[in-house]
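Chemist: Okay, handing you the structure first.
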Amino acid sequence: MTSRRTRERLIQRLREQGIASEAVLDVIRDTPRHIFIDEALAHRAYEDTALPIGFNQTISQPYIVARMTELLLEDGPCEKVLEIGTGSGYQTAVLAPLVGHVYSLERIRPLQEKARKRMSLLKLHNAQLRHSDGGMGWPAQAPFDGILVTAAPEVVPDELLMQLAIGGRLVIPVGGSGGQKLKRIRRTGENQFDTQELLAVKFVPLVSGTIR
């Protein structure tokens with residue numbers, strides 16, 4: 001079991017890096033990141049770094065999780081959020097206490113099944129997980145107030161833009177081997193979008209297809 005002091009050091013680091021939302025910081029403080037990674041790496045759980053979770057995937061750096069969550073919620077609360085790339089479930093677990101409902105897609109079934117067990121352990125009953133290719137989104141549950149993507153496509157998928165509610169926002173890393181940028185895209189009208197380019201990031205690529 002990690003000490004309160006260990007978690008507080010992480011929160012202090014996030015503050016120093018510019019995370020200002022107390023609600024986001026509180027959830028990260030209360031979320032046991034060590035349960036989302038292999039036991040062999042658990043001693044590194046509260047470092048501000050990405051860590052491997054198998055299948056060439058990673059659990060994101062806490063700063064990136066905090067920043068993406070903060071960007072998603074900056075314009076106000078979200079009732080329905082789509083997450084593309086459940087991975088370990090850590091980002092899902094940070095989102096769930098802050099929004100009405102999370103719909104999360106993961107293409108790699110073993111990761112999805114582990115994440116589902118973690119949601120149950122944490123009693124996060126407002127997170128609905130599905131084994132599916134994330135690039136097409138979840139049309140049956142659209143529109144979404146927010147969409148958060150944890151893998152980088154070369155270009156923003158039109159399917160995701162069309163599943164945003166008017167006034168909704170998409171937080172997504174975009175780019176290939178030449179570099180990625182985190183973007184926030186707001187849907188301002190039927191076919192109108194406002195895009196902000198925010199910071200350089202490094203995510204695994206968004207790929208199609210599923211793994212059983």
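Chain lettering (A, B, ...) mirrors the order of the structure tokens, residue numbering begins at 1 for each chain separately, and ligand numbering begins at 1 in order of display.
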Step one, run DSSP on the backbone; step two, keep only residues of region 70-168 of chain A assigned to strand (DSSP E); then write them as a list in words.

Modeler: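 Residues meeting the strand (DSSP E) criterion: Lys80, Val81, Leu82, Glu83, Ile84, His101, Val102, Tyr103, Ser104, Leu105, Glu106, Ala127, Gln128, Leu129, Arg130, His131, Phe144, Asp145, Gly146, Ile147, Leu148, Val149, Leu164, Ala165, Ile166, Gly167 and Gly168 of chain A.
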
Chemist: Give me every alpha helix (DSSP H) residue in region 107-202 of chain A, going by DSSP on the backbone, as a PyMOL selection string.

Modeler: chain A and resi 109-121+158-162

Chemist: Using only C-alpha atoms, which residues sit within 7 Å of Gly137 (chain A) once same-chain residues fewer than 2 positions away are excluded, as an MDAnalysis selection string?

Modeler: chainID A and resid 134:135 139 159:160

Chemist: Would you output that residue set with N, CA, C and O atoms, as a PDB file, in the first residue's frame?

Modeler:
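Written file, result.pdb:
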```pdb
ATOM      1  N   GLY A 134     -11.713   1.401 -31.902  1.00  0.00           N
ATOM      2  CA  GLY A 134     -12.126   2.726 -31.444  1.00  0.00           C
ATOM      3  C   GLY A 134     -12.270   3.790 -32.510  1.00  0.00           C
ATOM      4  O   GLY A 134     -12.945   4.790 -32.292  1.00  0.00           O
ATOM      5  N   GLY A 135     -11.636   3.596 -33.677  1.00  0.00           N
ATOM      6  CA  GLY A 135     -11.612   4.657 -34.675  1.00  0.00           C
ATOM      7  C   GLY A 135     -12.981   5.067 -35.179  1.00  0.00           C
ATOM      8  O   GLY A 135     -13.182   6.207 -35.614  1.00  0.00           O
ATOM      9  N   PRO A 139     -21.303   4.941 -32.331  1.00  0.00           N
ATOM     10  CA  PRO A 139     -22.427   5.709 -32.879  1.00  0.00           C
ATOM     11  C   PRO A 139     -23.741   5.502 -32.137  1.00  0.00           C
ATOM     12  O   PRO A 139     -24.538   6.437 -32.011  1.00  0.00           O
ATOM     13  N   GLU A 159     -15.424  10.403 -38.181  1.00  0.00           N
ATOM     14  CA  GLU A 159     -16.465   9.704 -37.425  1.00  0.00           C
ATOM     15  C   GLU A 159     -16.568  10.239 -35.997  1.00  0.00           C
ATOM     16  O   GLU A 159     -17.663  10.349 -35.438  1.00  0.00           O
ATOM     17  N   LEU A 160     -15.424  10.573 -35.396  1.00  0.00           N
ATOM     18  CA  LEU A 160     -15.440  11.089 -34.023  1.00  0.00           C
ATOM     19  C   LEU A 160     -15.991  12.509 -33.981  1.00  0.00           C
ATOM     20  O   LEU A 160     -16.769  12.861 -33.079  1.00  0.00           O
TER      21      LEU A 160
END
```

Chemist: Given only C-alpha atoms, how would the per-residue table for region 120-196 of chain A near region 17-37 of chain A read, listing every residue at most 12 Å away with its closest atom pair and distance in Å to one decimal, sorted by chain and number, as a tab-separated table?

Modeler:
```
residue	atom	partner	partner_atom	distance
A:Leu121	CA	A:Ile35	CA	9.8
A:Leu122	CA	A:Thr31	CA	8.8
A:Lys123	CA	A:Thr31	CA	11.8
A:Leu124	CA	A:Thr31	CA	11.2
```

Chemist: I'd like to know which of A:Ser120, A:Asn56, A:Gln163, A:Ser104 is closest to Glu190 (chain A), using only C-alpha atoms.

Modeler: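 That would be A:Gln163, the residue with the smallest distance to Glu190 (chain A).
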
Chemist: Could you tell me which of A:Ser177, A:Leu206, A:Leu95, A:Gln12 comes closest to Leu72 (chain A) if we count only C-alpha atoms?

Modeler: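 Closest residue, counting only C-alpha atoms: A:Leu95.
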
Chemist: Between CA of Leu182 (chain A) and CA of Gln57 (chain A), what distance in Å does the model show, to one decimal?

Modeler: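 CA of Leu182 (chain A) sits 18.3 Å away from CA of Gln57 (chain A).
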
Chemist: Could you tell me how far CA of Pro143 (chain A) sits from CA of Arg212 (chain A), in Å to one decimal place?

Modeler: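 The value is 28.0 Å.
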
Chemist: Considering only C-alpha atoms, return as a PyMOL selection string whatever protein or nucleic-acid residues lie within 10 Å of Arg169 (chain A), sequence-local ones (same chain, fewer than 6 positions apart) excluded.

Modeler: chain A and resi 71-75+78+81+144-148+161+184-188+193-195

Chemist: Counting only C-alpha atoms, which residue out of A:Ala140, A:Leu10, A:Ile211, A:Leu105 sits closest to Ile84 (chain A)?

Modeler: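 That would be A:Leu105, the residue with the smallest distance to Ile84 (chain A).
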